Amino acid sequence: MEALLASRNALRAQALRDPLTGLLNRRGLDESIDPIVAIGHHFGKPTSLALVDLDHFKQVNDLREHVAGDRLFVDLAECWTGRMRATDLLVRFGGDEFIVVMPTTDRNQAKVLVDRLGSVDSISWSYGIIEVKPRGGSPVGDQPRRSRALWRQAQADRPGGVRYLSKLPGRRRRQAYPGGPDGLPA
(Lines give C-alpha, C1' and ligand atoms only; values in the text may rest on other atoms or scores of the structure.)
Protein backbone atom coordinates (compact mmCIF):
# COMPACT_ATOMS: atom_id res chain seq x y z
CA MET A 1 0.00 0.00 0.00
CA GLU A 2 2.87 2.37 0.82
CA ALA A 3 4.47 1.70 -2.58
CA LEU A 4 1.17 2.47 -4.30
CA LEU A 5 0.80 5.72 -2.36
CA ALA A 6 4.41 6.69 -3.11
CA SER A 7 3.87 5.93 -6.79
CA ARG A 8 0.66 8.01 -6.81
CA ASN A 9 2.44 10.95 -5.16
CA ALA A 10 5.33 10.73 -7.64
CA LEU A 11 2.92 10.75 -10.59
CA ARG A 12 1.07 13.72 -9.13
CA ALA A 13 4.32 15.66 -8.70
CA GLN A 14 5.27 14.86 -12.31
CA ALA A 15 1.89 16.10 -13.55
CA LEU A 16 2.48 19.51 -11.94
CA ARG A 17 5.96 20.11 -13.38
CA ASP A 18 7.38 20.80 -16.80
CA PRO A 19 9.63 17.80 -17.52
CA LEU A 20 12.22 19.86 -19.39
CA THR A 21 12.82 22.74 -16.95
CA GLY A 22 11.50 21.33 -13.69
CA LEU A 23 9.37 24.47 -13.24
CA LEU A 24 5.72 24.27 -12.32
CA ASN A 25 3.53 23.94 -15.39
CA ARG A 26 0.06 25.37 -16.05
CA ARG A 27 -1.61 22.68 -13.94
CA GLY A 28 0.84 23.34 -11.11
CA LEU A 29 0.02 27.03 -11.20
CA ASP A 30 -3.70 26.24 -11.21
CA GLU A 31 -3.16 24.50 -7.88
CA SER A 32 -0.80 27.15 -6.46
CA ILE A 33 -2.41 30.46 -7.40
CA ASP A 34 -4.90 30.72 -4.50
CA PRO A 35 -2.31 30.44 -1.70
CA ILE A 36 0.06 32.79 -3.53
CA VAL A 37 -2.59 35.51 -3.86
CA ALA A 38 -3.53 34.90 -0.20
CA ILE A 39 0.00 35.94 0.83
CA GLY A 40 -0.56 39.39 -0.69
CA HIS A 41 -4.01 39.63 0.84
CA HIS A 42 -2.60 38.75 4.25
CA PHE A 43 -0.21 41.70 4.07
CA GLY A 44 -2.72 44.02 2.38
CA LYS A 45 -0.59 44.16 -0.77
CA PRO A 46 -1.26 43.34 -4.41
CA THR A 47 -0.11 40.29 -6.32
CA SER A 48 1.30 40.85 -9.80
CA LEU A 49 1.59 38.34 -12.58
CA ALA A 50 3.69 38.72 -15.74
CA LEU A 51 3.28 36.60 -18.85
CA VAL A 52 6.62 36.48 -20.67
CA ASP A 53 6.62 35.52 -24.35
CA LEU A 54 9.92 34.77 -26.10
CA ASP A 55 10.26 36.74 -29.33
CA HIS A 56 10.86 34.74 -32.54
CA PHE A 57 11.52 31.53 -30.62
CA LYS A 58 10.46 29.46 -33.62
CA GLN A 59 13.56 30.72 -35.42
CA VAL A 60 15.77 29.16 -32.73
CA ASN A 61 14.24 25.77 -33.44
CA ASP A 62 14.25 26.30 -37.21
CA LEU A 63 17.84 27.53 -37.45
CA ARG A 64 19.57 25.67 -34.62
CA GLU A 65 17.26 22.67 -34.12
CA HIS A 66 15.05 21.66 -31.22
CA VAL A 67 17.90 20.59 -28.98
CA ALA A 68 19.12 24.21 -28.93
CA GLY A 69 15.59 25.40 -28.18
CA ASP A 70 15.29 22.94 -25.31
CA ARG A 71 18.67 24.03 -23.95
CA LEU A 72 17.53 27.67 -24.12
CA PHE A 73 14.43 26.87 -22.02
CA VAL A 74 16.56 25.15 -19.38
CA ASP A 75 19.08 28.01 -19.35
CA LEU A 76 16.33 30.63 -19.07
CA ALA A 77 14.68 28.75 -16.21
CA GLU A 78 17.97 28.51 -14.30
CA CYS A 79 18.99 32.11 -15.00
CA TRP A 80 15.63 33.68 -14.22
CA THR A 81 15.05 31.60 -11.09
CA GLY A 82 18.43 32.76 -9.81
CA ARG A 83 17.49 36.41 -10.36
CA MET A 84 14.08 36.22 -8.71
CA ARG A 85 13.15 36.76 -5.08
CA ALA A 86 12.53 33.69 -2.95
CA THR A 87 8.81 34.57 -2.78
CA ASP A 88 8.36 34.78 -6.56
CA LEU A 89 7.33 31.85 -8.71
CA LEU A 90 8.41 31.08 -12.27
CA VAL A 91 6.11 28.83 -14.29
CA ARG A 92 6.52 27.31 -17.75
CA PHE A 93 3.10 28.21 -19.10
CA GLY A 94 3.61 26.29 -22.32
CA GLY A 95 5.50 26.60 -25.55
CA ASP A 96 7.65 29.72 -25.38
CA GLU A 97 5.63 31.39 -22.61
CA PHE A 98 6.52 31.72 -18.96
CA ILE A 99 4.62 33.29 -16.06
CA VAL A 100 6.21 35.13 -13.16
CA VAL A 101 3.98 35.39 -10.08
CA MET A 102 5.04 38.08 -7.62
CA PRO A 103 3.13 38.22 -4.32
CA THR A 104 3.17 41.47 -2.32
CA THR A 105 4.26 43.32 -5.47
CA ASP A 106 2.50 46.16 -7.27
CA ARG A 107 2.59 46.66 -11.03
CA ASN A 108 5.46 49.17 -10.96
CA GLN A 109 7.62 46.97 -8.73
CA ALA A 110 6.78 44.01 -10.99
CA LYS A 111 8.06 45.87 -14.06
CA VAL A 112 11.40 46.46 -12.34
CA LEU A 113 11.65 42.83 -11.21
CA VAL A 114 10.76 41.37 -14.60
CA ASP A 115 13.15 43.71 -16.42
CA ARG A 116 15.92 42.43 -14.11
CA LEU A 117 15.52 38.90 -15.43
CA GLY A 118 17.61 39.73 -18.46
CA SER A 119 18.18 37.56 -21.47
CA VAL A 120 20.00 34.36 -22.19
CA ASP A 121 21.59 33.59 -25.54
CA SER A 122 20.60 37.08 -26.74
CA ILE A 123 16.94 36.13 -27.27
CA SER A 124 14.51 38.99 -26.70
CA TRP A 125 11.15 38.68 -25.01
CA SER A 126 8.01 40.65 -24.36
CA TYR A 127 5.70 40.66 -21.38
CA GLY A 128 2.41 41.88 -20.03
CA ILE A 129 1.64 42.45 -16.33
CA ILE A 130 -1.58 42.39 -14.36
CA GLU A 131 -2.06 43.19 -10.69
CA VAL A 132 -4.72 42.26 -8.15
CA LYS A 133 -5.06 44.58 -5.19
CA PRO A 134 -6.63 43.27 -1.98
CA ARG A 135 -10.03 44.63 -1.13
CA GLY A 136 -11.16 45.75 2.28
CA GLY A 137 -12.92 43.23 4.47
CA SER A 138 -12.03 39.59 4.73
CA PRO A 139 -9.04 38.73 2.56
CA VAL A 140 -10.02 35.07 2.66
CA GLY A 141 -13.68 35.44 1.69
CA ASP A 142 -13.25 36.49 -1.92
CA GLN A 143 -9.64 35.41 -2.39
CA PRO A 144 -10.29 32.23 -4.43
CA ARG A 145 -12.64 34.10 -6.77
CA ARG A 146 -10.10 36.88 -7.23
CA SER A 147 -7.15 34.56 -7.83
CA ARG A 148 -9.18 32.59 -10.38
CA ALA A 149 -10.07 35.90 -12.07
CA LEU A 150 -6.37 36.84 -12.10
CA TRP A 151 -5.54 33.52 -13.69
CA ARG A 152 -8.31 33.83 -16.31
CA GLN A 153 -7.07 37.32 -17.15
CA ALA A 154 -3.53 36.02 -17.60
CA GLN A 155 -4.77 33.42 -20.05
CA ALA A 156 -6.94 35.85 -21.99
CA ASP A 157 -5.94 36.03 -25.63
CA ARG A 158 -8.11 39.11 -26.24
CA PRO A 159 -7.67 42.87 -25.76
CA GLY A 160 -6.89 43.53 -22.11
CA GLY A 161 -5.55 40.03 -21.51
CA VAL A 162 -1.92 39.60 -20.58
CA ARG A 163 -1.31 37.06 -23.34
CA TYR A 164 -2.74 39.54 -25.83
CA LEU A 165 -0.62 42.39 -24.44
CA SER A 166 2.57 40.33 -24.59
CA LYS A 167 1.97 39.48 -28.26
CA LEU A 168 1.11 42.93 -29.63
CA PRO A 169 3.02 43.87 -32.78
CA GLY A 170 6.64 44.61 -32.11
CA ARG A 171 9.14 42.83 -29.95
CA ARG A 172 10.73 43.58 -26.60
CA ARG A 173 7.37 44.99 -25.48
CA ARG A 174 6.65 45.70 -21.84
CA GLN A 175 3.01 46.36 -21.04
CA ALA A 176 1.07 46.69 -17.80
CA TYR A 177 -2.64 45.96 -17.81
CA PRO A 178 -4.49 48.99 -16.43
CA GLY A 179 -7.54 47.05 -15.17
CA GLY A 180 -10.18 48.32 -12.78
CA PRO A 181 -9.60 49.69 -9.29
CA ASP A 182 -8.78 46.21 -7.99
CA GLY A 183 -6.67 45.17 -10.98
CA LEU A 184 -9.42 43.06 -12.54
CA PRO A 185 -11.17 43.99 -15.76
CA ALA A 186 -13.32 47.07 -15.34
# chains A, B, ... in the order shown; residues from 1 in each chain; ligands from 1
>>> residues_around(residues="range 35-40 of chain A", least_positions_apart="4", cutoff="6 Å", atoms="only C-alpha atoms", output="PyMOL selection string")
chain A and resi 44-47+103-104
>>> write_last_selection(atoms="N, CA and C atoms", output="CSV table (one decimal), in the first residue's frame")
chain,number,residue,atom,x,y,z
A,44,GLY,N,-2.0,42.8,2.9
A,44,GLY,CA,-2.7,44.0,2.4
A,44,GLY,C,-2.0,44.6,1.2
A,45,LYS,N,-1.3,43.7,0.4
A,45,LYS,CA,-0.6,44.2,-0.8
A,45,LYS,C,-1.1,43.4,-2.0
A,46,PRO,N,-0.8,44.0,-3.2
A,46,PRO,CA,-1.3,43.3,-4.4
A,46,PRO,C,-0.4,42.2,-4.8
A,47,THR,N,-0.9,41.4,-5.7
A,47,THR,CA,-0.1,40.3,-6.3
A,47,THR,C,0.0,40.6,-7.8
A,103,PRO,N,4.0,37.8,-5.4
A,103,PRO,CA,3.1,38.2,-4.3
A,103,PRO,C,3.7,39.5,-3.7
A,104,THR,N,2.8,40.2,-3.0
A,104,THR,CA,3.2,41.5,-2.3
A,104,THR,C,4.0,42.4,-3.2
>>> residues_around(residues="Gln59 in chain A", least_positions_apart="5", cutoff="10 Å", atoms="only C-alpha atoms", output="ChimeraX atom specification")
/A:64-65,69
>>> closest_residue(among="A:Gly118, A:Gly128, A:Pro134, A:Gly22", to="Val101 in chain A", atoms="only C-alpha atoms")
A:Gly128
>>> atom_distance(atom1="CA of Ala15 in chain A", atom2="CA of Asp96 in chain A")
18.9 Å
>>> residues_around(residues="Asp115 in chain A", least_positions_apart="4", cutoff="12 Å", atoms="only C-alpha atoms", output="PyMOL selection string")
chain A and resi 50+52+80+83-84+100+108-111+119+124-129+172-175
>>> atom_distance(atom1="CA of Leu54 in chain A", atom2="CA of Asp34 in chain A")
26.5 Å
>>> closest_residue(among="A:Ile123, A:Asp106, A:Gly82, A:Ile33", to="Lys58 in chain A", atoms="only C-alpha atoms")
A:Ile123
